[in-house]
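Novice: Could you have a look at this structure, given as structure tokens, before my questions?
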Amino acid sequence: MQPPPWETVLRAIHSGQQPPAAAWQALTAEEQELLDLLQKEKLTAHALELLGNIDEEAAWRKVSEGLEKQRTQKRMVHMRFLRYAAIIVGILLMGATGYLLLKTDKQPVPRDVVSGTYITEPLNHKRATLVLDDGRRLDLHQQADSTIHQGQTAINNIDTSLLKYTAVTETLKPAGYNTLIIPRGGKYKIELADGTEVWLNAETILHYPVHFGGVASRKVVLEKGEAYFKVKPNAKLPFIVNAGEVDVRVLGTEFNVNTYTSVPTTTLVHGSVQLNGDAASSTLRPNEQAKYSNGAFVRKTVDTETYTAWRFGQMIYEEITLEEVMNMLGRQYDYTITFTDPALKGQKFGGRFKETEHIEDVLAAIGKAGDLKFSIRGKTIIVSPVLSK
């Protein structure tokens with residue numbers, strides 16, 4: 001069952017994306033006003049959490065009571081809202097205290113991490129959401145081995161891990177764009193209509209055409225995150241990856257683009273790529289990496305395995321800070337990170353782990369190496385120093 005248009009828009013706003021035009025146009029004036037208020041008051045996260053954690057019937061009763069008590073206020077909320085909308089209105093009317101009363105379960109107690117003792121459920125990494133050019137959203141992990149027909153292109157979702165595009169016939173008319181969204185803790189592979197293969201890491205968004213007919217170049221947009229490209233050679237149609245301020249231009253090659261930070265980083269494995277920024281350009285050779293910062297490219301020779309091992313389910317750290325390590329683990333295992341002592345963030349670490357390993361075992365190994373204590377509360381990892389006896 002598809003969510004109502006206002007919920008689709010809410011989720012897009014919260015994730016920093018442009019809401020689908022069709023969903024936004026379907027909203028009533030009151031719903032648009034409500035969403036504007038949620039965004040202005042920075043309550044979108046609370047709204048989404050509320051939707052996923054409360055008993056709807058109980059919430060409706062609470063909201064109704066809250067509405068009755070607020071009749072004298074200047075801002076009146078029309079009761080003709082959908083039941084979903086009324087739940088969110090309750091957040092605004094009753095405030096944080098009322099919101100907490102609606103939650104059915106208490107905050108879980110933090111549990112210390114011990115190697116070999118598993119307190120979390122295994123994570124399904126085969127998760128992604130496909131947004132079609134008409135605004136429809138499809139949860140791919142719920143549609144294994146399915147086929148979608150979009151114009152003259154067939155889209156096959158294979159084993160909830162590969163999305164393959166096949167252009168049925170030649171066409172000169174440019175296609176619409178689809179968007180593939182990979183959540184925290186997820187991974188997916190896509191084969192574009194030209195045969196180019198793209199591996200997408202956790203917390204990544206890729207925007208691309210359904211096929212490449214009727215265009216002068218094959219251009220895709222890496223809106224955020226990290227992707228590994230194995231480009232199908234085509235001298236007549238150069239392949240271009242737009243990653244923020246940088247365009248990566250190739251004919252046929254393999255390379256990794258990382259935009260998790262504000263400094264886009266390109267790592268070349270095979271072939272050659274030309275990098276173009278607003279005020280600079282650079283050409284990479286195999287085993288070179290370039291970062292674009294302050295209008296210039298900084299190149300260096302690297303071991304490419306360190307930066308591409310994620311494609312094979314491995315995580316390699318080479319003398320990076322604990323904060324960077326924890327951010328990477330948070331993305332791969334879908335956790336938020338809290339440090340009890342900010343001074344811990346600068347500690348340096350190196351190591352290699354497989355994403356199939358339990359998060360408890362990974363944390364235990366890091367804790368042993370750095371005299372650190374880890375505990376888990378719900379979806380939060382708490383990092384603390386080991387107190388001396």
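Residue names in the structure tokens use chain letters A, B, ... in the order shown, residue numbers from 1 in each chain, and ligand numbers from 1 in the order shown.
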So which residues touch segment 202-209 of chain A within 7 Å, counting only C-alpha atoms, skipping near sequence neighbours fewer than 2 positions away, as a compact mmCIF listing (two decimals) with N, CA, C and O atoms, in the first residue's frame?
Specialist:
# COMPACT_ATOMS: atom_id res chain seq x y z
N ALA A 175 15.17 9.93 -22.32
CA ALA A 175 14.31 9.30 -21.33
C ALA A 175 14.19 10.16 -20.07
O ALA A 175 14.99 11.06 -19.83
N GLY A 176 13.19 9.82 -19.26
CA GLY A 176 13.06 10.44 -17.95
C GLY A 176 14.10 9.87 -17.00
O GLY A 176 14.79 8.89 -17.31
N TYR A 177 14.22 10.48 -15.83
CA TYR A 177 15.23 10.07 -14.84
C TYR A 177 14.58 9.29 -13.70
O TYR A 177 13.50 9.63 -13.23
N ASN A 178 15.28 8.26 -13.25
CA ASN A 178 14.92 7.54 -12.04
C ASN A 178 15.92 7.87 -10.95
O ASN A 178 17.02 8.37 -11.23
N THR A 179 15.57 7.57 -9.71
CA THR A 179 16.47 7.80 -8.58
C THR A 179 16.50 6.55 -7.72
O THR A 179 15.46 5.99 -7.38
N LEU A 180 17.71 6.09 -7.38
CA LEU A 180 17.86 4.94 -6.50
C LEU A 180 18.42 5.43 -5.17
O LEU A 180 19.48 6.08 -5.13
N ILE A 181 17.69 5.15 -4.09
CA ILE A 181 18.06 5.62 -2.75
C ILE A 181 18.47 4.43 -1.89
O ILE A 181 17.68 3.51 -1.69
N ILE A 182 19.69 4.45 -1.40
CA ILE A 182 20.19 3.38 -0.53
C ILE A 182 20.20 3.91 0.91
O ILE A 182 20.85 4.92 1.19
N PRO A 183 19.50 3.25 1.83
CA PRO A 183 19.46 3.75 3.22
C PRO A 183 20.72 3.41 3.98
O PRO A 183 21.59 2.67 3.50
N ARG A 184 20.86 3.94 5.18
CA ARG A 184 21.95 3.53 6.07
C ARG A 184 21.84 2.02 6.30
O ARG A 184 20.76 1.51 6.54
N GLY A 185 22.96 1.33 6.22
CA GLY A 185 22.96 -0.10 6.41
C GLY A 185 22.63 -0.89 5.15
O GLY A 185 22.65 -2.11 5.16
N GLY A 186 22.35 -0.21 4.05
CA GLY A 186 21.98 -0.90 2.81
C GLY A 186 23.08 -0.89 1.77
O GLY A 186 24.07 -0.17 1.89
N LYS A 187 22.90 -1.67 0.73
CA LYS A 187 23.80 -1.72 -0.43
C LYS A 187 22.98 -2.22 -1.62
O LYS A 187 22.05 -3.00 -1.45
N LEU A 200 26.42 0.73 -5.25
CA LEU A 200 26.06 1.85 -4.40
C LEU A 200 26.21 1.47 -2.93
O LEU A 200 25.66 0.46 -2.48
N HIS A 211 17.20 5.29 -20.00
CA HIS A 211 18.07 4.80 -21.07
C HIS A 211 18.85 5.99 -21.62
O HIS A 211 18.66 7.13 -21.19
N PHE A 212 19.78 5.75 -22.56
CA PHE A 212 20.65 6.81 -23.05
C PHE A 212 20.41 7.14 -24.52
O PHE A 212 21.31 7.61 -25.22
N VAL A 220 25.02 10.91 -15.26
CA VAL A 220 24.31 10.53 -14.05
C VAL A 220 24.74 11.47 -12.93
O VAL A 220 25.79 12.12 -13.02
N VAL A 221 23.93 11.54 -11.89
CA VAL A 221 24.21 12.46 -10.78
C VAL A 221 24.30 11.66 -9.48
O VAL A 221 23.34 10.99 -9.09
N LEU A 222 25.46 11.73 -8.84
CA LEU A 222 25.62 11.15 -7.51
C LEU A 222 25.28 12.25 -6.51
O LEU A 222 26.10 13.10 -6.19
N GLU A 223 24.01 12.25 -6.04
CA GLU A 223 23.54 13.33 -5.18
C GLU A 223 24.21 13.30 -3.81
O GLU A 223 24.44 14.34 -3.20
N LYS A 224 24.48 12.11 -3.30
CA LYS A 224 25.17 11.97 -2.02
C LYS A 224 25.67 10.53 -1.90
O LYS A 224 25.19 9.64 -2.59
N GLY A 225 26.66 10.33 -1.02
CA GLY A 225 27.10 8.97 -0.74
C GLY A 225 28.31 8.54 -1.54
O GLY A 225 29.18 9.34 -1.88
N GLU A 226 28.35 7.24 -1.84
CA GLU A 226 29.52 6.64 -2.48
C GLU A 226 29.09 5.60 -3.51
O GLU A 226 28.17 4.82 -3.29
N ARG A 331 27.10 4.11 9.22
CA ARG A 331 26.45 3.98 7.92
C ARG A 331 26.22 2.52 7.55
O ARG A 331 25.16 2.14 7.05
N GLN A 332 27.24 1.68 7.77
CA GLN A 332 27.16 0.30 7.33
C GLN A 332 26.19 -0.53 8.17
O GLN A 332 25.55 -1.46 7.65
Novice: Please provide the set of residues having any atom within 8 Å of segment 368-384 of chain A, restricted to only C-alpha atoms, with same-chain residues fewer than 6 positions apart removed, written as a PyMOL selection string.
Specialist: chain A and resi 107-113+334-341+344+347
Novice: Between A:Ile366, A:Leu322, A:Leu132, A:Leu27, which has the minimum distance to Ile148 of chain A (counting only C-alpha atoms)?
Specialist: A:Leu132
Novice: From the DSSP assignment of the backbone, select every residue of segment 89-333 of chain A that is helix (DSSP H, G or I), and format the answer as a PyMOL selection string.
Specialist: chain A and resi 89-102+140-142+304-312+322-333
Novice: With C-alpha atoms retained, write the just-selected residues as a short mmCIF file (atom, residue, chain, number, x, y, z; two decimals), in the first residue's frame.
Specialist:
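Below is the file part18.cif, written as the result:
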data_model
loop_
_atom_site.label_atom_id
_atom_site.label_comp_id
_atom_site.auth_asym_id
_atom_site.auth_seq_id
_atom_site.Cartn_x
_atom_site.Cartn_y
_atom_site.Cartn_z
CA VAL A 89 -0.70 17.88 14.36
CA GLY A 90 -0.63 16.41 17.84
CA ILE A 91 3.09 16.99 18.00
CA LEU A 92 2.63 20.69 17.37
CA LEU A 93 -0.34 21.11 19.71
CA MET A 94 0.82 19.10 22.68
CA GLY A 95 4.56 19.76 22.41
CA ALA A 96 7.40 17.47 23.37
CA THR A 97 5.85 16.34 26.65
CA GLY A 98 2.65 15.21 24.99
CA TYR A 99 4.67 13.50 22.27
CA LEU A 100 6.61 11.47 24.79
CA LEU A 101 3.37 10.38 26.45
CA LEU A 102 2.22 8.91 23.17
CA LEU A 140 12.95 -3.07 -3.85
CA HIS A 141 13.64 -5.39 -0.91
CA GLN A 142 9.91 -6.15 -0.85
CA THR A 304 42.83 1.44 -4.29
CA GLU A 305 41.68 -1.64 -2.37
CA THR A 306 41.37 0.47 0.77
CA TYR A 307 38.81 2.71 -0.94
CA THR A 308 36.92 0.10 -2.96
CA ALA A 309 36.81 -2.95 -0.63
CA TRP A 310 33.30 -1.95 0.49
CA ARG A 311 32.11 -3.26 -2.88
CA PHE A 312 33.01 -6.77 -1.72
CA LEU A 322 37.99 7.08 15.59
CA GLU A 323 35.32 9.58 14.58
CA GLU A 324 35.76 8.57 10.91
CA VAL A 325 35.73 4.87 11.82
CA MET A 326 32.52 5.25 13.82
CA ASN A 327 30.85 7.27 11.08
CA MET A 328 31.62 4.48 8.62
CA LEU A 329 30.32 1.82 10.99
CA GLY A 330 27.22 3.89 11.64
CA ARG A 331 26.45 3.98 7.92
CA GLN A 332 27.16 0.30 7.33
CA TYR A 333 25.20 -1.01 10.34
#
Novice: In Å, with one decimal, what is the gap from atom CA of Asn258 of chain A to atom CA of Tyr317 of chain A?
Specialist: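 Between these atoms lies a distance of 15.1 Å.
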Novice: Which residues, written as a ChimeraX atom specification, have at least one atom at most 7 Å from Thr266 of chain A, with only C-alpha atoms counted and residues fewer than 6 positions away on the same chain left out?
Specialist: /A:256-258,289-291
Novice: Tell me, in Å to one decimal, how far atom CA of Arg249 of chain A is from atom CA of Val273 of chain A.
Specialist: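 Separating atom CA of Arg249 of chain A from atom CA of Val273 of chain A is a distance of 5.7 Å.
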Novice: If you measure from atom CA of Glu197 of chain A to atom CA of Phe229 of chain A, what distance in Å do you get, rounded to one decimal?
Specialist: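 Spanning atom CA of Glu197 of chain A to atom CA of Phe229 of chain A is a straight-line distance of 6.0 Å.
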Novice: Between A:Asn156, A:Thr267, A:Gln32, A:Asn242, which is the closest to Val9 of chain A once you count only C-alpha atoms?
Specialist: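 That would be A:Gln32, the residue with the smallest distance to Val9 of chain A.
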Novice: Counting only C-alpha atoms, what are the residues of segment 256-290 of chain A within 12 Å of segment 233-238 of chain A, and for each of them which pair of atoms is the nearest and at what distance in Å, to one decimal? Sort the table by chain and rising number, as JSON lines.
Specialist:
{"residue": "A:Gly271", "atom": "CA", "partner": "A:Pro233", "partner_atom": "CA", "distance": 10.5}
{"residue": "A:Ser272", "atom": "CA", "partner": "A:Pro233", "partner_atom": "CA", "distance": 11.8}
{"residue": "A:Val273", "atom": "CA", "partner": "A:Pro238", "partner_atom": "CA", "distance": 10.6}
{"residue": "A:Gln274", "atom": "CA", "partner": "A:Pro238", "partner_atom": "CA", "distance": 11.0}
Novice: From segment 202-374 of chain A, collect each residue whose DSSP state is strand (DSSP E) and return the set as a PyMOL selection string.
Specialist: chain A and resi 204-209+218-224+226-230+239-243+246-250+254-258+265-270+273-276+281-284+288-293+296-301+314-321+336-339+348-354+372-374
Novice: Between A:Glu355, A:Asp145, A:Glu319, A:Asp159, single out the one closest to Lys126 of chain A, counting only C-alpha atoms.
Specialist: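 Using only C-alpha atoms, the shortest distance to Lys126 of chain A belongs to A:Asp159.
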Novice: Which neighbours of Gly295 of chain A fall inside 12 Å, counting only C-alpha atoms, when residues of the same chain fewer than 3 positions from it are skipped, and could you give them as a list in words?
Specialist: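 Using only C-alpha atoms, the neighbours found are Glu245, Val246, Val263, Pro264, Asn276, Gly277, Asp278, Ala279, Ala280, Ser281, Ser282, Lys291, Tyr292 and Val298 of chain A.
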Novice: Restricting the output to all heavy atoms, write the selected residues as an mmCIF file, in the first residue's frame.
Specialist:
data_model
loop_
_atom_site.group_PDB
_atom_site.id
_atom_site.type_symbol
_atom_site.label_atom_id
_atom_site.label_comp_id
_atom_site.auth_asym_id
_atom_site.auth_seq_id
_atom_site.Cartn_x
_atom_site.Cartn_y
_atom_site.Cartn_z
ATOM 1 N N GLU A 245 30.347 19.616 -6.865
ATOM 2 C CA GLU A 245 31.094 20.598 -7.642
ATOM 3 C C GLU A 245 31.990 19.959 -8.702
ATOM 4 O O GLU A 245 32.641 20.670 -9.461
ATOM 5 C CB GLU A 245 31.970 21.441 -6.710
ATOM 6 C CG GLU A 245 31.206 22.243 -5.670
ATOM 7 C CD GLU A 245 32.138 23.006 -4.757
ATOM 8 O OE1 GLU A 245 32.732 22.378 -3.851
ATOM 9 O OE2 GLU A 245 32.279 24.222 -4.966
ATOM 10 N N VAL A 246 32.024 18.635 -8.760
ATOM 11 C CA VAL A 246 32.956 17.936 -9.645
ATOM 12 C C VAL A 246 32.208 17.105 -10.682
ATOM 13 O O VAL A 246 31.233 16.422 -10.356
ATOM 14 C CB VAL A 246 33.892 17.014 -8.826
ATOM 15 C CG1 VAL A 246 34.800 16.219 -9.746
ATOM 16 C CG2 VAL A 246 34.720 17.843 -7.851
ATOM 17 N N VAL A 263 34.217 17.181 0.856
ATOM 18 C CA VAL A 263 35.334 17.142 -0.092
ATOM 19 C C VAL A 263 35.169 15.921 -0.998
ATOM 20 O O VAL A 263 35.506 14.796 -0.606
ATOM 21 C CB VAL A 263 36.695 17.068 0.646
ATOM 22 C CG1 VAL A 263 37.846 17.046 -0.355
ATOM 23 C CG2 VAL A 263 36.843 18.244 1.603
ATOM 24 N N PRO A 264 34.639 16.085 -2.226
ATOM 25 C CA PRO A 264 34.456 14.942 -3.131
ATOM 26 C C PRO A 264 35.798 14.280 -3.445
ATOM 27 O O PRO A 264 36.792 14.959 -3.728
ATOM 28 C CB PRO A 264 33.851 15.571 -4.389
ATOM 29 C CG PRO A 264 33.276 16.872 -3.937
ATOM 30 C CD PRO A 264 34.156 17.341 -2.814
ATOM 31 N N ASN A 276 36.648 17.678 -13.641
ATOM 32 C CA ASN A 276 36.401 19.093 -13.888
ATOM 33 C C ASN A 276 35.675 19.706 -12.707
ATOM 34 O O ASN A 276 34.599 19.231 -12.320
ATOM 35 C CB ASN A 276 35.560 19.275 -15.154
ATOM 36 C CG ASN A 276 36.280 18.785 -16.395
ATOM 37 O OD1 ASN A 276 37.414 19.175 -16.655
ATOM 38 N ND2 ASN A 276 35.637 17.908 -17.147
ATOM 39 N N GLY A 277 36.274 20.757 -12.125
ATOM 40 C CA GLY A 277 35.636 21.502 -11.058
ATOM 41 C C GLY A 277 35.244 22.874 -11.560
ATOM 42 O O GLY A 277 35.391 23.188 -12.743
ATOM 43 N N ASP A 278 34.768 23.717 -10.664
ATOM 44 C CA ASP A 278 34.353 25.057 -11.075
ATOM 45 C C ASP A 278 35.521 25.870 -11.622
ATOM 46 O O ASP A 278 35.364 26.654 -12.559
ATOM 47 C CB ASP A 278 33.733 25.795 -9.888
ATOM 48 C CG ASP A 278 32.415 25.174 -9.458
ATOM 49 O OD1 ASP A 278 31.779 24.515 -10.302
ATOM 50 O OD2 ASP A 278 32.034 25.340 -8.288
ATOM 51 N N ALA A 279 36.721 25.673 -11.040
ATOM 52 C CA ALA A 279 37.855 26.504 -11.436
ATOM 53 C C ALA A 279 39.115 25.695 -11.717
ATOM 54 O O ALA A 279 40.203 26.264 -11.807
ATOM 55 C CB ALA A 279 38.138 27.530 -10.350
ATOM 56 N N ALA A 280 38.999 24.372 -11.847
ATOM 57 C CA ALA A 280 40.191 23.555 -12.053
ATOM 58 C C ALA A 280 39.813 22.250 -12.746
ATOM 59 O O ALA A 280 38.643 21.865 -12.792
ATOM 60 C CB ALA A 280 40.872 23.256 -10.710
ATOM 61 N N SER A 281 40.817 21.587 -13.302
ATOM 62 C CA SER A 281 40.626 20.276 -13.910
ATOM 63 C C SER A 281 41.857 19.429 -13.633
ATOM 64 O O SER A 281 42.945 19.958 -13.337
ATOM 65 C CB SER A 281 40.371 20.393 -15.422
ATOM 66 O OG SER A 281 41.499 20.935 -16.065
ATOM 67 N N SER A 282 41.713 18.112 -13.742
ATOM 68 C CA SER A 282 42.829 17.209 -13.492
ATOM 69 C C SER A 282 42.533 15.878 -14.165
ATOM 70 O O SER A 282 41.370 15.502 -14.340
ATOM 71 C CB SER A 282 43.033 17.001 -11.981
ATOM 72 O OG SER A 282 44.145 16.177 -11.724
ATOM 73 N N LYS A 291 41.227 14.750 -4.499
ATOM 74 C CA LYS A 291 40.214 15.407 -3.682
ATOM 75 C C LYS A 291 40.063 16.836 -4.168
ATOM 76 O O LYS A 291 41.058 17.501 -4.497
ATOM 77 C CB LYS A 291 40.612 15.395 -2.199
ATOM 78 C CG LYS A 291 40.655 14.000 -1.590
ATOM 79 C CD LYS A 291 40.899 14.055 -0.093
ATOM 80 C CE LYS A 291 40.856 12.666 0.519
ATOM 81 N NZ LYS A 291 41.001 12.691 1.988
ATOM 82 N N TYR A 292 38.811 17.296 -4.213
ATOM 83 C CA TYR A 292 38.535 18.648 -4.686
ATOM 84 C C TYR A 292 38.165 19.522 -3.504
ATOM 85 O O TYR A 292 37.159 19.303 -2.840
ATOM 86 C CB TYR A 292 37.393 18.638 -5.700
ATOM 87 C CG TYR A 292 37.124 19.979 -6.345
ATOM 88 C CD1 TYR A 292 38.034 20.533 -7.234
ATOM 89 C CD2 TYR A 292 35.954 20.684 -6.052
ATOM 90 C CE1 TYR A 292 37.794 21.755 -7.835
ATOM 91 C CE2 TYR A 292 35.707 21.918 -6.645
ATOM 92 C CZ TYR A 292 36.632 22.446 -7.535
ATOM 93 O OH TYR A 292 36.385 23.664 -8.127
ATOM 94 N N VAL A 298 43.688 17.951 -5.408
ATOM 95 C CA VAL A 298 44.912 17.462 -4.770
ATOM 96 C C VAL A 298 45.000 15.971 -5.050
ATOM 97 O O VAL A 298 44.131 15.197 -4.634
ATOM 98 C CB VAL A 298 44.908 17.734 -3.255
ATOM 99 C CG1 VAL A 298 46.180 17.187 -2.629
ATOM 100 C CG2 VAL A 298 44.766 19.227 -2.979
#
Novice: As a list of chain:residue names, please: the residues near Val362 of chain A (cut-off 10 Å, only C-alpha atoms, same-chain neighbours under 5 positions excluded).
Specialist: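 The residues that qualify are A:Val113, A:Ser115, A:Leu329, A:Gly351, A:Arg352, A:Phe353, A:Lys354, A:Glu355, A:Glu357, A:Gly367.
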